[in-house]
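Participant: What follows is the file coords_22.txt, containing compact mmCIF, C-alpha atoms and all ligand atoms:
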# COMPACT_ATOMS: atom_id res chain seq x y z
CA MET A 214 24.27 -9.04 -28.16
CA HIS A 215 20.48 -9.03 -27.92
CA ILE A 216 20.48 -10.43 -24.44
CA LYS A 217 22.87 -7.69 -23.34
CA LYS A 218 20.46 -5.11 -24.73
CA ILE A 219 17.55 -6.64 -22.87
CA PHE A 220 19.49 -6.48 -19.66
CA ILE A 221 20.28 -2.84 -20.24
CA VAL A 222 16.61 -2.06 -20.92
CA LEU A 223 15.59 -4.03 -17.85
CA GLY A 224 18.20 -2.30 -15.74
CA VAL A 225 17.12 1.11 -16.89
CA SER A 226 13.45 0.43 -16.23
CA ILE A 227 14.19 -0.98 -12.79
CA CYS A 228 16.24 2.11 -12.02
CA ALA A 229 13.46 4.38 -13.25
CA TYR A 230 10.98 2.48 -11.11
CA GLY A 231 13.27 2.71 -8.12
CA LEU A 232 13.83 6.42 -8.62
CA SER A 233 10.17 7.23 -9.00
CA TYR A 234 9.46 5.68 -5.64
CA CYS A 235 12.79 6.63 -4.14
CA ASN A 236 14.13 3.10 -3.86
CA PRO A 237 11.37 0.82 -2.59
CA ALA A 238 13.61 -2.14 -3.51
CA LYS A 239 16.20 -1.06 -0.99
CA GLN A 240 13.54 -0.67 1.64
CA GLU A 241 12.44 -4.26 1.07
CA GLU A 242 16.02 -5.48 1.32
CA LYS A 243 16.37 -3.77 4.66
CA ALA A 244 13.22 -5.40 5.97
CA GLU A 245 14.30 -8.84 4.81
CA THR A 246 17.75 -8.79 6.35
CA LYS A 247 16.20 -7.73 9.65
CA GLU A 248 19.19 -5.57 10.40
CA ALA A 249 17.04 -2.59 11.08
CA PRO A 250 15.24 -2.76 14.41
CA GLN A 251 12.15 -1.17 12.89
CA MET A 252 10.65 -2.00 9.57
CA TYR A 253 9.78 1.23 7.88
CA GLN A 254 6.98 1.39 5.40
CA GLN A 255 8.48 4.74 4.57
CA SER A 256 11.73 6.31 5.71
CA GLU A 257 11.68 9.09 8.29
CA LEU A 258 12.86 11.49 5.60
CA ALA A 259 10.12 10.43 3.18
CA ALA A 260 7.47 10.94 5.86
CA LEU A 261 8.95 14.34 6.68
CA MET A 262 8.92 15.27 2.98
CA HIS A 263 5.18 14.72 2.88
CA GLU A 264 4.82 17.13 5.81
CA VAL A 265 7.07 19.64 4.02
CA HIS A 266 4.87 19.30 0.95
CA ASP A 267 1.70 20.01 2.94
CA LEU A 268 3.34 22.94 4.66
CA SER A 269 4.36 24.43 1.31
CA ALA A 270 0.82 23.95 -0.02
CA GLU A 271 -0.39 25.91 3.00
CA TRP A 272 2.09 28.71 2.30
CA LYS A 273 1.08 28.78 -1.34
CA GLN A 274 -2.56 29.21 -0.41
CA GLN A 275 -1.69 31.91 2.15
CA LEU A 276 0.44 33.79 -0.39
CA GLU A 277 -2.29 33.63 -3.00
CA SER A 278 -4.87 35.05 -0.64
CA GLY A 279 -2.51 37.59 0.95
CA GLU A 280 -2.73 36.05 4.42
CA PRO A 281 0.07 35.99 7.02
CA LEU A 282 2.33 32.96 6.62
CA THR A 283 2.44 30.05 9.05
CA PRO A 284 5.80 30.46 10.85
CA VAL A 285 8.53 28.00 9.80
CA PRO A 286 8.13 25.08 12.23
CA ASP A 287 11.22 23.76 14.02
CA TRP A 288 10.68 20.25 12.72
CA VAL A 289 11.55 21.29 9.14
CA SER A 290 15.25 21.35 10.07
CA GLN A 291 15.01 17.61 10.76
CA ILE A 292 15.44 17.04 7.01
CA LEU A 293 19.15 17.30 7.89
CA SER A 294 19.06 14.42 10.35
CA ALA A 295 16.12 12.18 9.39
CA ASP A 296 16.85 8.61 8.30
CA ALA A 297 16.63 8.27 4.55
CA THR A 298 15.82 5.25 2.40
CA SER A 299 19.36 5.39 0.95
CA PRO A 300 21.50 7.32 3.46
CA ASP A 301 24.75 6.40 1.65
CA GLU A 302 23.59 8.18 -1.47
CA LEU A 303 22.96 11.36 0.49
CA ALA A 304 26.08 11.24 2.66
CA ASN A 305 28.74 12.67 0.36
CA GLY A 306 26.78 14.61 -2.17
CA ALA A 307 24.88 17.81 -2.59
CA PHE A 308 22.11 16.82 -0.20
CA GLU A 309 23.36 18.58 2.90
CA PRO A 310 24.30 21.90 1.25
CA LEU A 311 20.98 21.94 -0.61
CA ALA A 312 19.06 21.16 2.58
CA HIS A 313 20.85 24.06 4.33
CA GLU A 314 20.08 26.28 1.36
CA TYR A 315 16.41 25.29 1.52
CA LEU A 316 16.18 26.04 5.24
CA ARG A 317 17.92 29.39 4.74
CA GLN A 318 15.40 30.34 2.05
CA LEU A 319 12.52 29.55 4.38
CA GLU A 320 14.04 31.90 6.95
CA GLU A 321 14.29 34.59 4.27
CA MET A 322 10.66 34.05 3.34
CA ALA A 323 9.63 34.40 6.98
CA LYS A 324 11.47 37.74 7.20
CA ALA A 325 10.35 39.04 3.81
CA GLU A 326 7.48 41.40 3.17
CA GLY A 327 5.20 42.11 0.22
CA ASP A 328 6.26 40.64 -3.11
CA ASP A 329 9.54 39.46 -1.62
CA ARG A 330 7.64 36.77 0.30
CA LEU A 331 6.44 35.28 -2.95
CA LYS A 332 9.90 35.50 -4.50
CA ALA A 333 11.49 33.76 -1.52
CA TYR A 334 8.78 31.10 -1.56
CA ASN A 335 9.30 30.33 -5.25
CA THR A 336 13.06 30.19 -4.74
CA SER A 337 12.56 27.62 -1.99
CA ILE A 338 10.43 25.48 -4.32
CA GLN A 339 13.19 25.67 -6.95
CA THR A 340 15.57 24.25 -4.35
CA CYS A 341 13.18 21.36 -3.69
CA ILE A 342 13.30 20.68 -7.43
CA SER A 343 17.11 21.01 -7.65
CA CYS A 344 17.57 18.47 -4.89
CA HIS A 345 14.98 16.15 -6.39
CA LYS A 346 16.64 16.26 -9.81
CA ILE A 347 19.66 14.68 -8.15
CA TYR A 348 18.09 12.25 -5.69
CA CYS A 349 14.46 11.54 -6.30
CA ASN A 350 12.80 12.37 -9.62
CA GLY A 351 9.38 10.88 -8.90
CA PRO A 352 7.79 13.73 -6.93
CA ILE A 353 8.98 16.54 -9.26
CA PRO A 354 5.60 16.98 -11.05
CA LYS A 355 3.93 17.16 -7.65
CA ILE A 356 6.47 19.73 -6.44
CA LYS A 357 5.98 21.83 -9.59
CA LYS A 358 2.34 22.25 -8.65
CA LEU A 359 3.54 24.20 -5.63
CA GLU A 360 5.05 26.92 -7.81
CA ILE A 361 3.19 30.22 -7.96
C1 LIG B 401 18.01 18.72 0.06
C2 LIG B 401 17.26 17.83 -0.77
C3 LIG B 401 15.77 17.88 -0.79
C4 LIG B 401 14.96 18.99 -0.68
C5 LIG B 401 15.35 20.44 -0.51
C6 LIG B 401 13.60 18.49 -0.79
N1 LIG B 401 13.60 17.13 -0.94
FE1 LIG B 401 11.96 15.95 -1.06
N2 LIG B 401 13.13 14.29 -1.00
C7 LIG B 401 14.50 14.29 -0.97
C8 LIG B 401 14.97 12.93 -0.86
C9 LIG B 401 16.42 12.48 -0.79
C10 LIG B 401 13.82 12.09 -0.82
C11 LIG B 401 13.78 10.57 -0.66
C12 LIG B 401 13.58 10.29 0.82
C13 LIG B 401 13.67 8.83 1.17
O1 LIG B 401 13.16 8.00 0.40
O2 LIG B 401 14.21 8.53 2.25
C14 LIG B 401 12.67 12.99 -0.94
C15 LIG B 401 11.36 12.56 -0.99
C16 LIG B 401 10.27 13.39 -1.24
C17 LIG B 401 8.92 12.95 -1.49
C18 LIG B 401 8.49 11.51 -1.63
C19 LIG B 401 8.31 10.83 -0.31
C20 LIG B 401 7.99 9.35 -0.55
O3 LIG B 401 6.87 8.96 -0.24
O4 LIG B 401 8.86 8.63 -1.05
C21 LIG B 401 8.15 14.07 -1.67
C22 LIG B 401 6.66 14.13 -1.97
C23 LIG B 401 9.02 15.21 -1.53
N3 LIG B 401 10.30 14.77 -1.27
C24 LIG B 401 8.61 16.52 -1.65
C25 LIG B 401 9.44 17.63 -1.42
C26 LIG B 401 8.98 19.00 -1.42
C27 LIG B 401 7.55 19.43 -1.68
C28 LIG B 401 10.06 19.77 -1.14
C29 LIG B 401 10.14 21.25 -0.99
C30 LIG B 401 9.02 21.97 -0.43
C31 LIG B 401 11.21 18.87 -1.00
N4 LIG B 401 10.79 17.59 -1.19
C32 LIG B 401 12.49 19.31 -0.74
C33 LIG B 401 15.32 15.39 -1.05
C34 LIG B 401 14.90 16.71 -0.93
Here is a file; write its structure as structure tokens.
Facilitator:
Amino acid sequence: MHIKKIFIVLGVSICAYGLSYCNPAKQEEKAETKEAPQMYQQSELAALMHEVHDLSAEWKQQLESGEPLTPVPDWVSQILSADATSPDELANGAFEPLAHEYLRQLEEMAKAEGDDRLKAYNTSIQTCISCHKIYCNGPIPKIKKLEI
């Protein structure tokens, strides 16, 4: 009985660890089996997410100081096609619809004027959080800092 409990606790903490880093264990597995031609330190999607974060931080700063917004770069839409750490997890779930939703909100923000820009921006950040609640809890506190 006790041993079973320990395993459950262990399992849960390993899962939490994996989630907070978005599955580093799986990345190691990939590297070891040498099936992947490249050995990623970080998946394409994870690297792209860091760019998306920096872009949002730029928009936040521009919104706060009333400056024109940096146009939505074309590369953002690559979140739909970039290789992820766990592609199987993303394949059949909410990832794709949420990614489309996110991209649509950025377009709305780009078209919006006045206070509507800020509203559209905050809505887009909520979509980051919605997607992360499902797939990747770790960065949520960091994403929340992008809210205005
Ligand atoms: C449609 C879903 C979705 C949206 C929208 C989304 N993310 Fe992500 N994000 C993910 C997934 C899935 C990963 C894990 C990627 C991987 O490990 O391959 C991730 C990873 C990350 C990471 C961690 C990268 C790493 O080093 O492991 C950060 C930071 C991040 N996202 C920030 C953001 C920010 C900021 C936004 C919005 C401005 C955002 N994300 C929008 C799904 C999403």
Participant: Return as JSON lines the residues of chain A lying at most 6 Å from ligand LIG 401 (chain B), together with the closest atom-to-atom pair for each and the distance in Å to one decimal, counting only C-alpha atoms and all ligand atoms, with rows in chain order and ascending residue number.
Facilitator:
{"residue": "A:Tyr234", "atom": "CA", "partner": "B:LIG401", "partner_atom": "O4", "distance": 5.5}
{"residue": "A:Cys235", "atom": "CA", "partner": "B:LIG401", "partner_atom": "O1", "distance": 4.8}
{"residue": "A:Ser256", "atom": "CA", "partner": "B:LIG401", "partner_atom": "O2", "distance": 4.8}
{"residue": "A:Leu258", "atom": "CA", "partner": "B:LIG401", "partner_atom": "O2", "distance": 4.7}
{"residue": "A:Ala259", "atom": "CA", "partner": "B:LIG401", "partner_atom": "C19", "distance": 4.0}
{"residue": "A:Met262", "atom": "CA", "partner": "B:LIG401", "partner_atom": "N3", "distance": 4.5}
{"residue": "A:His263", "atom": "CA", "partner": "B:LIG401", "partner_atom": "C22", "distance": 5.1}
{"residue": "A:Val265", "atom": "CA", "partner": "B:LIG401", "partner_atom": "C30", "distance": 5.4}
{"residue": "A:His266", "atom": "CA", "partner": "B:LIG401", "partner_atom": "C27", "distance": 3.8}
{"residue": "A:Ser269", "atom": "CA", "partner": "B:LIG401", "partner_atom": "C30", "distance": 5.5}
{"residue": "A:Ala297", "atom": "CA", "partner": "B:LIG401", "partner_atom": "O2", "distance": 3.3}
{"residue": "A:Thr298", "atom": "CA", "partner": "B:LIG401", "partner_atom": "O2", "distance": 3.7}
{"residue": "A:Phe308", "atom": "CA", "partner": "B:LIG401", "partner_atom": "C1", "distance": 4.5}
{"residue": "A:Leu311", "atom": "CA", "partner": "B:LIG401", "partner_atom": "C1", "distance": 4.4}
{"residue": "A:Ala312", "atom": "CA", "partner": "B:LIG401", "partner_atom": "C1", "distance": 3.7}
{"residue": "A:Tyr315", "atom": "CA", "partner": "B:LIG401", "partner_atom": "C5", "distance": 5.4}
{"residue": "A:Ile338", "atom": "CA", "partner": "B:LIG401", "partner_atom": "C29", "distance": 5.4}
{"residue": "A:Thr340", "atom": "CA", "partner": "B:LIG401", "partner_atom": "C5", "distance": 5.4}
{"residue": "A:Cys341", "atom": "CA", "partner": "B:LIG401", "partner_atom": "C32", "distance": 3.7}
{"residue": "A:Cys344", "atom": "CA", "partner": "B:LIG401", "partner_atom": "C2", "distance": 4.2}
{"residue": "A:His345", "atom": "CA", "partner": "B:LIG401", "partner_atom": "C33", "distance": 5.4}
{"residue": "A:Tyr348", "atom": "CA", "partner": "B:LIG401", "partner_atom": "C9", "distance": 5.2}
{"residue": "A:Cys349", "atom": "CA", "partner": "B:LIG401", "partner_atom": "C10", "distance": 5.5}
{"residue": "A:Pro352", "atom": "CA", "partner": "B:LIG401", "partner_atom": "C22", "distance": 5.1}
{"residue": "A:Ile356", "atom": "CA", "partner": "B:LIG401", "partner_atom": "C27", "distance": 4.9}
Participant: Output C-alpha atoms for every residue in that selection, as a PDB file, in the frame of the given file.
Facilitator:
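Here's the written file part-v5.pdb:
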ATOM      1  CA  TYR A 234       9.460   5.680  -5.640  1.00  0.00           C
ATOM      2  CA  CYS A 235      12.790   6.630  -4.140  1.00  0.00           C
ATOM      3  CA  SER A 256      11.730   6.310   5.710  1.00  0.00           C
ATOM      4  CA  LEU A 258      12.860  11.490   5.600  1.00  0.00           C
ATOM      5  CA  ALA A 259      10.120  10.430   3.180  1.00  0.00           C
ATOM      6  CA  MET A 262       8.920  15.270   2.980  1.00  0.00           C
ATOM      7  CA  HIS A 263       5.180  14.720   2.880  1.00  0.00           C
ATOM      8  CA  VAL A 265       7.070  19.640   4.020  1.00  0.00           C
ATOM      9  CA  HIS A 266       4.870  19.300   0.950  1.00  0.00           C
ATOM     10  CA  SER A 269       4.360  24.430   1.310  1.00  0.00           C
ATOM     11  CA  ALA A 297      16.630   8.270   4.550  1.00  0.00           C
ATOM     12  CA  THR A 298      15.820   5.250   2.400  1.00  0.00           C
ATOM     13  CA  PHE A 308      22.110  16.820  -0.200  1.00  0.00           C
ATOM     14  CA  LEU A 311      20.980  21.940  -0.610  1.00  0.00           C
ATOM     15  CA  ALA A 312      19.060  21.160   2.580  1.00  0.00           C
ATOM     16  CA  TYR A 315      16.410  25.290   1.520  1.00  0.00           C
ATOM     17  CA  ILE A 338      10.430  25.480  -4.320  1.00  0.00           C
ATOM     18  CA  THR A 340      15.570  24.250  -4.350  1.00  0.00           C
ATOM     19  CA  CYS A 341      13.180  21.360  -3.690  1.00  0.00           C
ATOM     20  CA  CYS A 344      17.570  18.470  -4.890  1.00  0.00           C
ATOM     21  CA  HIS A 345      14.980  16.150  -6.390  1.00  0.00           C
ATOM     22  CA  TYR A 348      18.090  12.250  -5.690  1.00  0.00           C
ATOM     23  CA  CYS A 349      14.460  11.540  -6.300  1.00  0.00           C
ATOM     24  CA  PRO A 352       7.790  13.730  -6.930  1.00  0.00           C
ATOM     25  CA  ILE A 356       6.470  19.730  -6.440  1.00  0.00           C
TER      26      ILE A 356
END
Participant: From the list A:Ala260, A:Gly327, A:Gln339, A:Lys332, which residue is nearest Glu280 (chain A) when using only C-alpha atoms?
Facilitator: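 Residue with the minimum atom-to-atom distance to Glu280 (chain A): A:Gly327.
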Participant: Tell me which of A:Ser299, A:Val289, A:Asn350, A:Lys273 sits closest to Ala333 (chain A), counting all atoms listed in the file.
Facilitator: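 Among A:Ser299, A:Val289, A:Asn350, A:Lys273, it is A:Lys273 that comes nearest to Ala333 (chain A).
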Participant: Would you mind reading off the distance between CA of Leu359 (chain A) and CA of Ala270 (chain A), one decimal, in Å?
Facilitator: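 For CA of Leu359 (chain A) relative to CA of Ala270 (chain A), the distance reads 6.2 Å.
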Participant: Please measure the separation of CA of Ala295 (chain A) and CA of Pro281 (chain A), giving the value in Å to one decimal.
Facilitator: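 It comes out at 28.8 Å.
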Participant: Report, in Å with one decimal, the straight-line distance from CA of Glu257 (chain A) to CA of Ile361 (chain A).
Facilitator: 28.0 Å
Participant: Nearest to Gln318 (chain A) among A:Ser337, A:Asn305, A:Gln274, A:Ser294, with distances taken over all atoms listed in the file: which residue is it?
Facilitator: A:Ser337
